[in-house]
Amino acid sequence: MSDDYQTLRLKDLAVNDRPQERLEKLGAGALSDTELLAMLLRSGSRGLNVLTVAQRLIAEAGSLPALVEWTDADFRRLKGIGRVKALQLVAVLEIARRVLAGAGSAEPMLSRPELVAGHFQAVVTGLVVEKFWVLCLNRKNRLLRRVEITSGTATSSLAHPREVFREAIRHGATAVICVHNHPSGDPSPSSADLQVTRQLRDAARAVDIELLDHVIIGRPAADPRGVGFYSFREAGVL
């Protein structure tokens, strides 16, 4: 089926070529990216059928996965996308991001910073704010629970040790790894990051719960070292 819908109205397509009919008959795996997105959009606008709007969205973003980083304002720049539709798309893509973030082993082994970075790859994709998590681990360094502590501006008070270790105690953790993201993509630590890490290190000793690491997640392309993450354990701070 051609993706060139510029001059077609949806009703001009043969019934069997329409996305909904193809979905019902063949299943979602048979649909193109454009058709799947059209199913979410549901309708186009004056002079633009829904397939054309979907095609232009993907063209503007560069790919379907790239849309996960779009905000409602990004969607509304395109003709045919209003406020409500933009918010619906943001919500659907956030659901997709969270599903991907929760995929995999229920109790992954997180004994090295590269494993932590891999675990968080889907979690941080598209985030435009800084978030801080505590990973509660058992004696074998398997994940018991991932808890988001705070979300917002990067400051020295982004994560208070009291909140971090309250969650660790609640979930019966014997060790924790703290993680936060840098939306800029550069995982190089700030002075505030270093301050928080030292506070967490001292608090861990006080409550007798091991702080295995504090990992900052970025992107390899924006990392001066080309790694995409920074480990305070590897840096010798812990």
# chains A, B, ... in the order shown; residues from 1 in each chain; ligands from 1
>>> residues_around(residues="range 169-182 of chain A", least_positions_apart="4", cutoff="6 Å", atoms="only C-alpha atoms", output="ChimeraX atom specification")
/A:130-139,187,209-218
>>> write_last_selection(atoms="N, CA and C atoms", output="JSON list (two decimals), in the first residue's frame")
[["chain", "number", "residue", "atom", "x", "y", "z"],
["A", 130, "GLU", "N", 14.40, 16.95, 34.98],
["A", 130, "GLU", "CA", 15.29, 16.06, 35.71],
["A", 130, "GLU", "C", 14.49, 15.31, 36.77],
["A", 131, "LYS", "N", 14.69, 14.01, 36.81],
["A", 131, "LYS", "CA", 14.04, 13.15, 37.80],
["A", 131, "LYS", "C", 15.09, 12.39, 38.59],
["A", 132, "PHE", "N", 14.70, 12.01, 39.80],
["A", 132, "PHE", "CA", 15.62, 11.28, 40.68],
["A", 132, "PHE", "C", 14.91, 10.03, 41.17],
["A", 133, "TRP", "N", 15.59, 8.87, 41.03],
["A", 133, "TRP", "CA", 15.02, 7.59, 41.44],
["A", 133, "TRP", "C", 15.94, 6.90, 42.44],
["A", 134, "VAL", "N", 15.34, 6.06, 43.26],
["A", 134, "VAL", "CA", 16.12, 5.14, 44.08],
["A", 134, "VAL", "C", 15.75, 3.73, 43.66],
["A", 135, "LEU", "N", 16.77, 2.92, 43.42],
["A", 135, "LEU", "CA", 16.58, 1.51, 43.09],
["A", 135, "LEU", "C", 16.83, 0.70, 44.36],
["A", 136, "CYS", "N", 15.79, 0.04, 44.84],
["A", 136, "CYS", "CA", 15.89, -0.77, 46.04],
["A", 136, "CYS", "C", 16.29, -2.19, 45.64],
["A", 137, "LEU", "N", 17.40, -2.69, 46.17],
["A", 137, "LEU", "CA", 17.97, -3.96, 45.76],
["A", 137, "LEU", "C", 18.00, -4.97, 46.90],
["A", 138, "ASN", "N", 17.97, -6.26, 46.54],
["A", 138, "ASN", "CA", 18.13, -7.30, 47.54],
["A", 138, "ASN", "C", 19.61, -7.65, 47.69],
["A", 139, "ARG", "N", 19.91, -8.71, 48.43],
["A", 139, "ARG", "CA", 21.30, -9.07, 48.71],
["A", 139, "ARG", "C", 22.06, -9.51, 47.46],
["A", 187, "PRO", "N", 26.00, 13.72, 30.87],
["A", 187, "PRO", "CA", 25.90, 13.20, 32.23],
["A", 187, "PRO", "C", 26.97, 13.70, 33.19],
["A", 209, "ILE", "N", 22.61, 0.73, 55.19],
["A", 209, "ILE", "CA", 22.15, 0.26, 53.88],
["A", 209, "ILE", "C", 23.19, 0.70, 52.86],
["A", 210, "GLU", "N", 23.72, -0.21, 52.11],
["A", 210, "GLU", "CA", 24.82, 0.12, 51.21],
["A", 210, "GLU", "C", 24.35, 0.96, 50.03],
["A", 211, "LEU", "N", 25.06, 2.04, 49.78],
["A", 211, "LEU", "CA", 24.84, 2.84, 48.57],
["A", 211, "LEU", "C", 25.82, 2.32, 47.52],
["A", 212, "LEU", "N", 25.32, 1.48, 46.63],
["A", 212, "LEU", "CA", 26.20, 0.87, 45.64],
["A", 212, "LEU", "C", 26.73, 1.86, 44.62],
["A", 213, "ASP", "N", 25.87, 2.81, 44.24],
["A", 213, "ASP", "CA", 26.30, 3.77, 43.21],
["A", 213, "ASP", "C", 25.27, 4.89, 43.12],
["A", 214, "HIS", "N", 25.69, 5.95, 42.50],
["A", 214, "HIS", "CA", 24.80, 7.03, 42.05],
["A", 214, "HIS", "C", 25.16, 7.24, 40.59],
["A", 215, "VAL", "N", 24.20, 7.00, 39.72],
["A", 215, "VAL", "CA", 24.44, 7.02, 38.28],
["A", 215, "VAL", "C", 23.65, 8.16, 37.65],
["A", 216, "ILE", "N", 24.31, 8.96, 36.84],
["A", 216, "ILE", "CA", 23.66, 10.01, 36.07],
["A", 216, "ILE", "C", 23.49, 9.51, 34.64],
["A", 217, "ILE", "N", 22.27, 9.59, 34.15],
["A", 217, "ILE", "CA", 21.96, 9.10, 32.81],
["A", 217, "ILE", "C", 21.87, 10.25, 31.82],
["A", 218, "GLY", "N", 22.60, 10.12, 30.73],
["A", 218, "GLY", "CA", 22.52, 11.10, 29.64],
["A", 218, "GLY", "C", 22.37, 10.38, 28.31]]
>>> closest_atom_pairs(of="range 115-198 of chain A", to="range 55-65 of chain A", cutoff="12 Å", atoms="only C-alpha atoms", output="Markdown table")
| residue | atom | partner | partner_atom | distance |
| --- | --- | --- | --- | --- |
| A:Ala122 | CA | A:Pro65 | CA | 11.3 |
| A:Thr125 | CA | A:Pro65 | CA | 10.0 |
| A:Gly126 | CA | A:Pro65 | CA | 10.1 |
>>> select_by_dssp(residues="range 108-178 of chain A", states="helix (DSSP H, G or I)", output="mmCIF file with C-alpha atoms, in the first residue's frame")
data_model
loop_
_atom_site.group_PDB
_atom_site.id
_atom_site.type_symbol
_atom_site.label_atom_id
_atom_site.label_comp_id
_atom_site.auth_asym_id
_atom_site.auth_seq_id
_atom_site.Cartn_x
_atom_site.Cartn_y
_atom_site.Cartn_z
ATOM 1 C CA PRO A 113 26.546 1.124 36.016
ATOM 2 C CA GLU A 114 26.165 0.037 32.379
ATOM 3 C CA LEU A 115 23.354 -2.301 33.458
ATOM 4 C CA VAL A 116 21.676 0.567 35.291
ATOM 5 C CA ALA A 117 22.027 2.775 32.217
ATOM 6 C CA GLY A 118 20.509 0.056 30.049
ATOM 7 C CA HIS A 119 17.611 -0.369 32.470
ATOM 8 C CA PHE A 120 16.880 3.346 32.276
ATOM 9 C CA GLN A 121 17.239 3.832 28.532
ATOM 10 C CA ALA A 122 13.505 3.647 27.881
ATOM 11 C CA VAL A 123 12.661 5.400 31.151
ATOM 12 C CA VAL A 124 14.472 8.643 30.331
ATOM 13 C CA PRO A 161 18.575 11.340 51.878
ATOM 14 C CA ARG A 162 15.639 10.926 54.266
ATOM 15 C CA GLU A 163 13.277 10.271 51.337
ATOM 16 C CA VAL A 164 15.708 7.936 49.616
ATOM 17 C CA PHE A 165 16.322 5.688 52.612
ATOM 18 C CA ARG A 166 12.720 5.794 53.804
ATOM 19 C CA GLU A 167 11.838 3.991 50.570
ATOM 20 C CA ALA A 168 14.745 1.590 50.944
ATOM 21 C CA ILE A 169 13.623 0.614 54.447
ATOM 22 C CA ARG A 170 9.978 0.339 53.379
#
>>> closest_atom_pairs(of="range 73-178 of chain A", to="range 34-44 of chain A", cutoff="10 Å", atoms="only C-alpha atoms", output="CSV")
residue,atom,partner,partner_atom,distance
A:Lys79,CA,A:Gly44,CA,9.0
A:Gly80,CA,A:Gly44,CA,5.7
A:Ile81,CA,A:Gly44,CA,8.1
A:Lys85,CA,A:Leu41,CA,7.0
A:Ala86,CA,A:Leu41,CA,9.2
A:Gln88,CA,A:Leu40,CA,8.6
A:Leu89,CA,A:Leu40,CA,7.5
A:Val92,CA,A:Leu40,CA,8.6
>>> write_last_selection(atoms="C-alpha atoms", output="compact mmCIF listing (two decimals), in the first residue's frame")
# COMPACT_ATOMS: atom_id res chain seq x y z
CA LYS A 79 -2.21 21.72 10.52
CA GLY A 80 -4.88 19.25 11.56
CA ILE A 81 -3.65 18.83 15.16
CA LYS A 85 -5.69 15.76 19.81
CA ALA A 86 -2.19 16.90 20.76
CA GLN A 88 -4.18 12.64 23.46
CA LEU A 89 -1.10 11.87 21.40
CA VAL A 92 -0.58 7.64 24.27
>>> select_by_dssp(residues="range 50-162 of chain A", states="strand (DSSP E or B)", output="JSON, numbers by chain")
{"A": [109, 130, 131, 132, 133, 134, 135, 136, 137, 142, 143, 144, 145, 146, 147, 148, 149, 150, 151, 152]}
>>> closest_residue(among="A:Ala54, A:Leu48, A:Leu87, A:Val128", to="Pro19 in chain A", atoms="only C-alpha atoms")
A:Ala54
